[in-house]
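This is upload_14.txt. It holds compact mmCIF, C-alpha atoms.
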```
# COMPACT_ATOMS: atom_id res chain seq x y z
CA MET A 1 58.89 35.13 -80.19
CA LYS A 2 60.91 34.83 -77.03
CA LEU A 3 59.63 31.52 -75.65
CA GLU A 4 59.96 29.37 -78.76
CA GLY A 5 60.90 25.81 -77.80
CA ARG A 6 59.98 26.31 -74.14
CA VAL A 7 57.35 24.32 -72.26
CA ALA A 8 55.28 25.92 -69.51
CA LEU A 9 52.88 24.59 -66.90
CA VAL A 10 50.36 27.11 -65.56
CA THR A 11 48.39 25.98 -62.51
CA GLY A 12 44.80 27.16 -62.41
CA GLY A 13 45.09 27.98 -66.10
CA SER A 14 41.47 27.58 -67.13
CA ARG A 15 40.19 31.01 -66.13
CA GLY A 16 41.00 34.41 -64.72
CA ILE A 17 44.62 35.51 -64.57
CA GLY A 18 45.84 31.95 -65.22
CA ARG A 19 43.97 31.79 -68.52
CA GLY A 20 45.51 35.09 -69.57
CA ILE A 21 48.98 33.78 -68.66
CA CYS A 22 48.46 30.62 -70.74
CA LEU A 23 47.48 32.68 -73.78
CA ALA A 24 50.31 35.17 -73.35
CA LEU A 25 52.98 32.45 -72.97
CA ALA A 26 51.60 30.67 -76.04
CA ASP A 27 51.68 33.94 -78.00
CA GLU A 28 55.42 34.05 -77.30
CA GLY A 29 55.81 30.53 -78.66
CA ALA A 30 55.73 28.39 -75.51
CA ALA A 31 53.88 25.07 -75.43
CA VAL A 32 51.52 25.27 -72.46
CA GLY A 33 50.12 22.77 -69.97
CA VAL A 34 46.82 24.30 -68.88
CA ASN A 35 46.20 22.90 -65.41
CA TYR A 36 42.70 22.86 -63.95
CA ARG A 37 40.98 21.34 -60.95
CA SER A 38 37.29 21.44 -61.86
CA GLY A 39 37.04 23.57 -65.02
CA LYS A 40 37.72 20.88 -67.60
CA ASP A 41 35.65 22.50 -70.33
CA ALA A 42 37.16 25.91 -69.71
CA ALA A 43 40.68 24.43 -69.78
CA GLU A 44 39.98 22.65 -73.04
CA GLU A 45 38.67 25.85 -74.51
CA VAL A 46 41.97 27.56 -73.63
CA VAL A 47 43.83 24.65 -75.26
CA GLU A 48 41.71 24.93 -78.41
CA LEU A 49 42.20 28.68 -78.55
CA ILE A 50 45.99 28.24 -78.39
CA LYS A 51 45.88 25.50 -81.05
CA SER A 52 43.70 27.63 -83.31
CA LYS A 53 46.51 30.17 -83.37
CA GLY A 54 49.03 27.49 -84.29
CA GLY A 55 50.39 26.87 -80.79
CA HIS A 56 50.79 23.74 -78.67
CA ALA A 57 48.85 23.09 -75.47
CA VAL A 58 47.35 20.31 -73.40
CA ALA A 59 44.79 20.34 -70.60
CA VAL A 60 46.35 19.01 -67.39
CA PRO A 61 43.96 17.92 -64.63
CA GLY A 62 44.96 18.00 -60.99
CA ASP A 63 44.22 19.58 -57.64
CA VAL A 64 47.67 21.01 -56.93
CA SER A 65 46.96 21.28 -53.22
CA GLU A 66 47.41 17.48 -53.20
CA TRP A 67 51.03 16.37 -53.61
CA GLU A 68 50.32 13.32 -55.78
CA GLU A 69 48.14 15.33 -58.15
CA ALA A 70 50.69 18.14 -58.43
CA GLU A 71 53.38 15.59 -59.20
CA ALA A 72 51.17 13.93 -61.81
CA ALA A 73 50.45 17.32 -63.44
CA VAL A 74 54.16 18.03 -63.77
CA GLU A 75 54.84 14.54 -65.14
CA GLN A 76 52.00 14.73 -67.65
CA THR A 77 53.26 18.06 -68.96
CA ILE A 78 56.79 16.71 -69.40
CA ARG A 79 55.49 13.54 -71.07
CA GLU A 80 53.03 15.19 -73.45
CA LEU A 81 54.87 18.40 -74.29
CA GLY A 82 58.39 16.99 -74.26
CA GLY A 83 59.90 18.83 -71.31
CA LEU A 84 59.33 21.58 -68.78
CA HIS A 85 61.10 24.93 -68.51
CA ILE A 86 58.57 27.31 -66.97
CA LEU A 87 56.31 26.77 -63.98
CA VAL A 88 53.71 29.40 -63.16
CA ASN A 89 52.19 28.79 -59.74
CA ASN A 90 48.93 30.63 -60.23
CA ALA A 91 46.16 28.44 -58.78
CA GLY A 92 44.47 30.28 -55.96
CA VAL A 93 41.26 30.56 -54.00
CA SER A 94 39.81 33.05 -51.55
CA GLN A 95 37.36 32.65 -48.70
CA ASP A 96 36.96 36.12 -47.28
CA ALA A 97 35.56 36.72 -43.81
CA LEU A 98 36.35 38.75 -40.74
CA ILE A 99 38.68 36.79 -38.50
CA VAL A 100 36.10 36.68 -35.74
CA ASN A 101 33.64 35.06 -38.14
CA MET A 102 36.10 32.88 -40.01
CA ASP A 103 35.63 29.16 -39.79
CA PRO A 104 38.87 27.72 -38.41
CA ASN A 105 39.02 25.40 -41.44
CA ASP A 106 38.90 28.26 -43.90
CA TRP A 107 42.41 29.51 -43.29
CA LEU A 108 43.81 26.04 -43.87
CA LYS A 109 41.82 25.51 -47.06
CA VAL A 110 43.08 28.76 -48.54
CA MET A 111 46.62 28.06 -47.37
CA LYS A 112 46.56 24.54 -48.83
CA VAL A 113 45.74 25.77 -52.31
CA ASN A 114 47.57 29.10 -52.47
CA PHE A 115 50.73 28.12 -50.64
CA GLY A 116 50.49 24.31 -50.65
CA GLY A 117 49.90 24.20 -54.40
CA THR A 118 52.91 26.44 -54.94
CA PHE A 119 55.07 24.27 -52.71
CA ASN A 120 53.91 21.01 -54.29
CA CYS A 121 54.41 22.04 -57.91
CA THR A 122 57.76 23.66 -57.15
CA LYS A 123 59.04 20.54 -55.45
CA ALA A 124 57.65 18.33 -58.21
CA ALA A 125 59.29 20.40 -60.97
CA PHE A 126 62.62 21.04 -59.26
CA ASN A 127 64.38 17.74 -60.04
CA HIS A 128 63.62 18.16 -63.72
CA PHE A 129 64.78 21.79 -63.73
CA ALA A 130 67.95 21.03 -61.77
CA LEU A 131 68.93 18.13 -63.97
CA ASP A 132 68.65 20.37 -67.04
CA ARG A 133 70.19 23.33 -65.15
CA ASP A 134 67.38 25.28 -66.75
CA GLY A 135 64.11 26.38 -65.26
CA VAL A 136 62.03 29.41 -64.35
CA ILE A 137 59.36 29.65 -61.70
CA VAL A 138 56.91 32.55 -61.51
CA ASN A 139 54.68 32.63 -58.44
CA ILE A 140 51.46 34.61 -58.65
CA SER A 141 51.22 36.26 -55.28
CA SER A 142 49.26 39.41 -54.44
CA VAL A 143 49.79 42.88 -53.04
CA MET A 144 47.74 41.47 -50.14
CA GLY A 145 50.77 39.39 -49.24
CA GLU A 146 52.53 42.56 -48.13
CA GLN A 147 49.62 44.66 -46.90
CA GLY A 148 46.45 44.05 -44.93
CA TRP A 149 42.88 44.26 -46.14
CA MET A 150 39.59 43.80 -44.38
CA GLY A 151 38.35 40.22 -44.49
CA GLU A 152 41.40 38.83 -46.26
CA SER A 153 43.50 37.57 -43.37
CA ASN A 154 43.68 34.01 -44.65
CA TYR A 155 44.29 35.03 -48.25
CA ALA A 156 46.90 37.64 -47.27
CA ALA A 157 48.69 35.16 -45.01
CA SER A 158 48.79 32.58 -47.80
CA LYS A 159 50.28 35.12 -50.21
CA GLY A 160 52.75 36.29 -47.58
CA ALA A 161 53.80 32.65 -47.35
CA VAL A 162 54.20 32.52 -51.14
CA ASN A 163 56.43 35.61 -50.98
CA ALA A 164 58.67 34.15 -48.29
CA PHE A 165 58.78 30.84 -50.14
CA THR A 166 59.77 32.66 -53.35
CA LYS A 167 62.82 34.11 -51.60
CA CYS A 168 63.83 30.75 -50.11
CA CYS A 169 63.46 29.02 -53.48
CA ALA A 170 65.64 31.68 -55.08
CA VAL A 171 68.31 31.03 -52.45
CA GLU A 172 68.24 27.25 -52.76
CA PHE A 173 67.77 26.95 -56.53
CA ALA A 174 70.08 29.60 -58.00
CA ARG A 175 73.08 27.25 -58.15
CA PHE A 176 70.98 24.81 -60.16
CA GLY A 177 70.24 27.38 -62.84
CA VAL A 178 66.66 27.92 -61.69
CA ARG A 179 65.25 31.46 -61.27
CA VAL A 180 62.27 32.12 -59.00
CA ASN A 181 60.32 35.39 -58.89
CA ALA A 182 56.87 36.55 -57.89
CA VAL A 183 54.28 38.82 -59.44
CA LEU A 184 52.02 40.69 -57.04
CA PRO A 185 48.80 41.73 -58.78
CA GLY A 186 46.55 44.33 -57.23
CA PHE A 187 42.91 44.69 -58.20
CA ILE A 188 42.11 42.61 -61.26
CA PRO A 189 38.41 41.82 -61.71
CA THR A 190 38.13 38.03 -62.12
CA ASP A 191 35.88 35.37 -60.61
CA LEU A 192 38.20 35.26 -57.59
CA VAL A 193 37.36 38.81 -56.56
CA GLU A 194 33.84 39.17 -57.97
CA GLY A 195 32.88 41.16 -54.88
CA LEU A 196 35.07 44.01 -56.13
CA LEU A 197 32.45 45.18 -58.58
CA THR A 198 29.28 44.60 -56.58
CA VAL A 199 29.03 48.10 -55.15
CA ASP A 200 28.82 50.87 -57.77
CA GLY A 201 30.70 48.79 -60.34
CA GLY A 202 33.76 49.04 -58.12
CA LYS A 203 34.17 52.77 -58.71
CA GLY A 204 34.77 53.49 -55.05
CA ILE A 205 37.90 51.37 -55.24
CA SER A 206 39.09 52.04 -58.78
CA LYS A 207 39.16 55.81 -58.29
CA GLN A 208 41.62 55.35 -55.40
CA ILE A 209 44.05 53.47 -57.65
CA LEU A 210 46.79 55.81 -58.93
CA LEU A 211 46.22 54.79 -62.54
CA LYS A 212 42.45 55.21 -62.01
CA SER A 213 41.27 51.81 -63.20
CA PHE A 214 41.31 48.14 -62.35
CA GLY A 215 44.01 46.08 -64.01
CA GLN A 216 43.35 43.63 -66.81
CA VAL A 217 44.41 39.99 -66.84
CA GLU A 218 46.74 40.83 -69.73
CA ASP A 219 48.56 43.41 -67.61
CA VAL A 220 49.62 40.63 -65.25
CA ALA A 221 50.24 38.08 -67.99
CA SER A 222 52.70 40.33 -69.82
CA VAL A 223 54.84 40.68 -66.69
CA VAL A 224 54.76 36.91 -66.14
CA THR A 225 55.88 36.41 -69.73
CA PHE A 226 58.75 38.83 -69.17
CA LEU A 227 59.89 37.03 -66.00
CA ALA A 228 59.62 33.65 -67.74
CA GLY A 229 61.75 34.77 -70.66
CA PRO A 230 65.36 35.61 -71.47
CA ASP A 231 64.97 39.34 -70.80
CA ALA A 232 64.74 38.55 -67.08
CA LYS A 233 67.75 36.21 -67.03
CA TYR A 234 69.48 38.17 -64.25
CA MET A 235 66.40 38.28 -61.99
CA THR A 236 65.76 35.92 -59.11
CA GLY A 237 64.10 36.43 -55.74
CA SER A 238 62.32 39.55 -57.01
CA PHE A 239 58.74 40.68 -56.51
CA ILE A 240 57.05 42.77 -59.18
CA THR A 241 53.91 44.63 -58.18
CA VAL A 242 51.27 45.04 -60.90
CA ASP A 243 48.61 47.15 -59.24
CA GLY A 244 48.32 50.49 -61.01
CA GLY A 245 50.15 52.02 -58.07
CA ALA A 246 47.43 51.02 -55.60
CA SER A 247 49.80 49.83 -52.89
CA THR A 248 52.22 52.73 -53.40
CA VAL A 249 49.99 55.45 -52.00
CA LEU A 250 49.54 55.87 -48.26
CA GLY A 251 45.82 56.38 -48.63
CA LEU A 252 45.12 58.90 -45.90
CA GLY A 253 43.73 61.75 -47.93
CA SER A 254 45.37 64.59 -49.82
CA PRO A 255 47.17 67.17 -47.63
CA LEU A 256 47.49 69.78 -50.38
CA LYS A 257 43.77 69.99 -50.98
CA LYS A 258 42.42 73.49 -50.21
CA MET B 1 77.42 -3.11 -66.57
CA ALA B 2 79.39 -0.97 -64.14
CA ILE B 3 81.98 1.53 -65.33
CA PRO B 4 85.73 1.37 -64.54
CA HIS B 5 86.79 3.03 -61.30
CA ASP B 6 89.08 5.49 -63.09
CA GLU B 7 86.24 6.77 -65.20
CA ALA B 8 83.92 7.05 -62.17
CA LEU B 9 86.64 8.89 -60.25
CA SER B 10 87.10 11.44 -62.96
CA ILE B 11 83.32 12.02 -63.24
CA THR B 12 83.10 12.34 -59.46
CA GLN B 13 86.02 14.74 -59.19
CA GLU B 14 84.55 16.92 -61.91
CA ALA B 15 81.21 16.99 -60.07
CA VAL B 16 82.84 17.83 -56.73
CA ILE B 17 84.94 20.60 -58.28
CA GLY B 18 81.92 22.05 -60.07
CA ALA B 19 79.61 21.92 -57.08
CA LEU B 20 82.11 23.42 -54.64
CA GLY B 21 83.86 25.82 -57.02
CA LEU B 22 87.26 24.25 -56.30
CA ASP B 23 90.49 24.39 -58.25
CA ASP B 24 91.16 21.32 -60.38
CA ASP B 25 93.76 19.87 -58.03
CA GLU B 26 91.75 20.28 -54.82
CA ALA B 27 89.36 17.33 -55.07
CA THR B 28 91.97 14.64 -54.49
CA PRO B 29 90.66 11.08 -54.13
CA ASP B 30 91.41 10.95 -50.41
CA SER B 31 89.77 14.30 -49.54
CA THR B 32 86.76 13.86 -47.29
CA LEU B 33 83.74 15.62 -48.72
CA LEU B 34 82.39 17.16 -45.54
CA ASP B 35 85.49 17.76 -43.43
CA ASP B 36 88.27 18.48 -45.91
CA LEU B 37 86.22 20.09 -48.65
CA GLY B 38 83.50 21.67 -46.50
CA ALA B 39 80.56 20.29 -48.48
CA GLU B 40 77.08 20.94 -47.09
CA SER B 41 73.93 19.02 -47.90
CA ILE B 42 73.02 21.28 -50.83
CA ASP B 43 76.55 20.85 -52.24
CA LEU B 44 76.08 17.09 -52.07
CA LEU B 45 72.77 17.46 -53.93
CA ASP B 46 74.53 19.54 -56.58
CA MET B 47 77.26 16.87 -56.98
CA LEU B 48 74.66 14.15 -57.42
CA PHE B 49 72.80 16.17 -60.08
CA ARG B 50 76.08 16.73 -61.92
CA ILE B 51 76.85 13.02 -61.78
CA GLU B 52 73.34 12.19 -62.98
CA ARG B 53 73.64 14.65 -65.88
CA LYS B 54 76.91 13.04 -66.93
CA THR B 55 75.93 9.41 -66.45
CA GLY B 56 72.14 9.29 -66.60
CA THR B 57 72.12 7.50 -63.25
CA LYS B 58 70.24 8.97 -60.31
CA ILE B 59 71.82 8.62 -56.89
CA GLN B 60 69.71 10.08 -54.09
CA ALA B 61 71.36 11.82 -51.14
CA ALA B 62 69.55 9.32 -48.92
CA ASP B 63 71.19 6.47 -50.86
CA LEU B 64 74.58 7.54 -49.54
CA ALA B 65 73.76 6.75 -45.93
CA ASP B 66 72.16 3.44 -46.92
CA TYR B 67 75.20 2.54 -48.99
CA VAL B 68 77.58 3.33 -46.14
CA GLN B 69 75.51 1.38 -43.64
CA GLY B 70 75.15 -1.53 -46.05
CA GLY B 71 71.61 -2.43 -45.05
CA ILE B 72 72.55 -3.05 -41.40
CA PRO B 73 69.67 -1.87 -39.19
CA ASP B 74 70.42 1.21 -37.03
CA GLU B 75 70.24 -0.76 -33.79
CA GLU B 76 72.91 -3.19 -35.01
CA PHE B 77 75.10 -0.57 -36.66
CA GLY B 78 75.36 1.58 -33.53
CA ASP B 79 75.12 0.61 -29.85
CA GLU B 80 72.83 2.23 -27.29
CA ASN B 81 75.26 5.16 -26.98
CA GLY B 82 75.35 5.74 -30.73
CA ILE B 83 78.86 4.24 -31.10
CA VAL B 84 79.46 2.11 -34.20
CA THR B 85 79.53 -1.61 -33.32
CA ALA B 86 82.13 -4.17 -34.44
CA LYS B 87 79.66 -5.33 -37.06
CA GLY B 88 79.24 -1.74 -38.23
CA LEU B 89 83.00 -1.28 -38.49
CA GLU B 90 83.33 -4.44 -40.59
CA GLN B 91 80.83 -2.91 -43.01
CA LEU B 92 82.63 0.45 -43.04
CA LYS B 93 85.89 -1.25 -44.00
CA LYS B 94 84.17 -2.40 -47.19
CA VAL B 95 82.90 0.98 -48.32
CA MET B 96 85.58 3.18 -46.75
CA PRO B 97 88.71 0.99 -46.84
CA GLN B 98 90.93 3.93 -45.85
CA ILE B 99 89.61 4.15 -42.30
CA ASP B 100 91.67 2.74 -39.45
CA ALA B 101 88.98 0.53 -37.96
CA ASP B 102 91.15 -0.63 -35.06
CA SER B 103 91.83 2.83 -33.75
CA LEU B 104 88.19 3.85 -34.21
CA ALA B 105 86.79 0.77 -32.43
CA GLY B 106 84.51 1.79 -29.59
CA LYS B 107 84.96 5.48 -30.37
CA LEU B 108 83.30 6.22 -33.69
CA GLU B 109 79.91 7.90 -33.38
CA ALA B 110 77.44 6.59 -35.96
CA GLU B 111 76.42 10.14 -36.84
CA LYS B 112 80.02 11.10 -37.65
CA VAL B 113 80.61 8.21 -40.06
CA ILE B 114 79.70 10.25 -43.10
CA THR B 115 82.48 12.77 -42.29
CA TYR B 116 85.00 10.07 -43.27
CA PHE B 117 83.45 9.66 -46.74
CA THR B 118 85.95 10.63 -49.43
CA VAL B 119 85.85 11.60 -53.09
CA ASP B 120 87.18 8.14 -53.91
CA ASN B 121 84.48 6.46 -51.79
CA LEU B 122 81.84 8.35 -53.76
CA ALA B 123 83.53 7.31 -56.99
CA THR B 124 83.26 3.66 -55.91
CA LEU B 125 79.52 4.10 -55.44
CA VAL B 126 79.24 5.83 -58.81
CA ALA B 127 81.19 3.03 -60.51
CA GLN B 128 78.79 0.47 -59.05
CA ARG B 129 75.59 2.32 -59.80
CA VAL B 130 76.19 3.56 -63.31
CA GLY B 131 74.66 1.11 -65.71
CA GLY B 132 74.07 -1.18 -62.74
```
Do you think you could lay out the structure here as structure tokens?
Amino acid sequence: MKLEGRVALVTGGSRGIGRGICLALADEGAAVGVNYRSGKDAAEEVVELIKSKGGHAVAVPGDVSEWEEAEAAVEQTIRELGGLHILVNNAGVSQDALIVNMDPNDWLKVMKVNFGGTFNCTKAAFNHFALDRDGVIVNISSVMGEQGWMGESNYAASKGAVNAFTKCCAVEFARFGVRVNAVLPGFIPTDLVEGLLTVDGGKGISKQILLKSFGQVEDVASVVTFLAGPDAKYMTGSFITVDGGASTVLGLGSPLKK
Amino acid sequence: MAIPHDEALSITQEAVIGALGLDDDEATPDSTLLDDLGAESIDLLDMLFRIERKTGTKIQAADLADYVQGGIPDEEFGDENGIVTAKGLEQLKKVMPQIDADSLAGKLEAEKVITYFTVDNLATLVAQRVGG
């Protein structure tokens, strides 16, 4: 187990990709703070699941888009789990709409959680990391942060902000022994993107993905676990795409087709 | 219970050397951090983390300016042109005894004060704060 003795905080850890990350980190031996905003029961279920397998975990309440709550979540994790070595900024929301129809408040709401939460938790954890000269941050971004998609302008912009922030953190934190990288998932069916499957079970989209299927939460979680662990000790400021090749292909048909 | 100045100086020199990647003999007590040694704000932050790790005492970067100014309000420390007042210079003589206050009278810009701050001046602050 590569994360034995390490303590992780995963924001938005009660469901979706965050839940999978909590379980994967715990499987590698990390004690996990499972942060949630409204899903208390779901977070406690994740905690119980980790404990049932002999691991350590606590549920950590807090809306990370609010500075004081993000700070409290970091402090609670350190207090109850005896330290902090890994921060996974995963909490995210979406509010899809065409720009012309988008409520002007909706871009800010998405930005406040997806980017603001990342900023707040990073800032809150940094002093602890820097004092120990030991810390890893993994930001859960999205392939949308580098490409455009219909109806996702606010979400894509927030993830683009996370990407830029990841690079800046890497620049500022390296000398303090803190690595910062981002994972860019593609199409992973979770509550966040429930619309993906509404038409034809999502086949229209999944068949365009190079690997011919949607990704699973575990596919993202395993890459996060890698970045959080010693095998990635020489990586900082990197983005890893986990999208079955979806964003690799140009997507304008197949010129060799007869 | 403050620590002896010698001990604070050696902790401070080690932190300055580590943060700036200097040779052992470069962080002399009278070197100014910003001008002579070329420290930037992130270097200062690094030094303060190193000092905290060694001593368990947190000194914030913002504390430095407050310490230098000695609690004198901005409008009394500098005049309307941003030049350090006589009262300000009296304070500076306490925390930076090496400065030649007479020759700086009427000329020292408040914003430049920190460029006169030396390794030894930082050590004095460290000696006061640790265990204090």
At most 12 Å is the cut-off: for each residue in chain B with any atom that close to an atom of chain A, write down the nearest atom pair and the distance in Å rounded to one decimal, counting all atoms listed in the file, chain first then increasing number, as CSV.
```
residue,atom,partner,partner_atom,distance
B:Gly18,CA,A:Arg175,CA,10.4
B:Ala19,CA,A:Arg175,CA,8.5
B:Leu20,CA,A:Arg175,CA,10.4
B:Gly21,CA,A:Arg175,CA,10.9
B:Ser41,CA,A:Glu172,CA,11.1
B:Ile42,CA,A:Glu172,CA,7.9
B:Asp43,CA,A:Arg175,CA,9.4
B:Leu45,CA,A:Phe176,CA,9.8
B:Asp46,CA,A:Phe176,CA,7.3
B:Met47,CA,A:Phe176,CA,10.6
B:Leu48,CA,A:Leu131,CA,9.6
B:Phe49,CA,A:Leu131,CA,5.8
B:Arg50,CA,A:Leu131,CA,7.6
B:Ile51,CA,A:Leu131,CA,9.7
B:Glu52,CA,A:Leu131,CA,7.5
B:Arg53,CA,A:Leu131,CA,6.2
B:Lys54,CA,A:Leu131,CA,9.9
B:Thr55,CA,A:Leu131,CA,11.5
B:Gly56,CA,A:Leu131,CA,9.8
B:Thr57,CA,A:Leu131,CA,11.1
B:Lys58,CA,A:Leu131,CA,10.0
B:Gln60,CA,A:Asn127,CA,11.1
```
Practice task
Might you pull out every residue within 12 Å of Ser206 (chain A), with all atoms listed in the file counted and same-chain residues fewer than 5 positions away left off, and present them as a list in words?
Solution key: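 These residues fall inside the cut-off: Gly186, Phe187, Ile188, Pro189, Leu196, Leu197, Val199, Asp200, Gly201, Leu211, Lys212, Ser213, Phe214, Gly215, Asp243, Gly244, Gly245 and Ala246 of chain A.
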Practice task
Between B:Gln98, B:Ser103, B:Thr85, B:Gln128, single out the one closest to Thr32 (chain B), counting only C-alpha atoms.
Solution key: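 Ranking B:Gln98, B:Ser103, B:Thr85, B:Gln128 by distance to Thr32 (chain B), first place goes to B:Gln98.
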Handout entry: Interatomic distance (Å, one decimal) between CA of Asp103 (chain A) and CA of Leu184 (chain A)
Key =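 These two atoms are separated by 26.4 Å.
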Exercise for the section: Might you pull out every residue within 9 Å of Leu122 (chain B), with all atoms listed in the file counted and same-chain residues fewer than 3 positions away left off, and present them as a list in words? Expected result: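 My list of contacting residues is Ala8, Leu9, Thr12, Leu64, Phe117, Thr118, Val119, Leu125, Val126 and Ala127 of chain B.
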Write the residues of the preceding selection, restricted to C-alpha atoms, as a PDB file, in the coordinates of the input.
```
ATOM      1  CA  ALA B   8      83.920   7.050 -62.170  1.00  0.00           C
ATOM      2  CA  LEU B   9      86.640   8.890 -60.250  1.00  0.00           C
ATOM      3  CA  THR B  12      83.100  12.340 -59.460  1.00  0.00           C
ATOM      4  CA  LEU B  64      74.580   7.540 -49.540  1.00  0.00           C
ATOM      5  CA  PHE B 117      83.450   9.660 -46.740  1.00  0.00           C
ATOM      6  CA  THR B 118      85.950  10.630 -49.430  1.00  0.00           C
ATOM      7  CA  VAL B 119      85.850  11.600 -53.090  1.00  0.00           C
ATOM      8  CA  LEU B 125      79.520   4.100 -55.440  1.00  0.00           C
ATOM      9  CA  VAL B 126      79.240   5.830 -58.810  1.00  0.00           C
ATOM     10  CA  ALA B 127      81.190   3.030 -60.510  1.00  0.00           C
TER      11      ALA B 127
END
```
Exercise for the section: Between CA of Asp134 (chain A) and CA of Gly177 (chain A), measure the distance and give it in Å to one decimal. Expected result: 5.3 Å
Exercise for the section: Please determine the residues with any atom at most 12 Å from (58.4, 16.9, -68.3) (coordinates as given in the file, with all atoms listed in the file counting) and report them as a PyMOL selection string. Expected result: chain A and resi 6-9+31-33+71-87+124-129+131-132+135
Completion exercise
Students should find that CA of Met96 (chain B) and CA of Gln13 (chain B) are spaced 17.0 Å
As lines of an AutoDock Vina configuration file, what would the box around region 56-74 of chain B look like: edges along x, y and z, 6 Å added on every side, centre and edge lengths in Å to one decimal?
```
center_x = 73.6
center_y = 4.4
center_z = -51.8
size_x = 20.0
size_y = 26.9
size_z = 41.6
```
Handout entry: From A:Leu108, A:Met1, A:Ile140, A:Val249, residue lying nearest Leu210 (chain A) [all atoms listed in the file]
Key =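 The answer is A:Val249, which sits nearest to Leu210 (chain A).
Closest approach to Arg129 (chain B) from the set B:Ile17, B:Leu44, B:Ile59, B:Leu33 is made by B:Ile59, with distances taken over only C-alpha atoms.
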Practice task
Give the answer as one residue: which of A:Gly55, A:Ala174, A:Val47, A:Ile209 has the shortest atom-to-atom distance to Gly5 (chain A), using all atoms listed in the file?
Solution key: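 Checking each candidate against Gly5 (chain A), we get A:Gly55 as the closest.
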Handout entry: A:Thr122, A:Ser38, A:Gln95, A:Asn181 ranked by distance to Val224 (chain A), top pick (using only C-alpha atoms)
Key =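 Going through A:Thr122, A:Ser38, A:Gln95, A:Asn181 one by one, the smallest distance to Val224 (chain A) is for A:Asn181.
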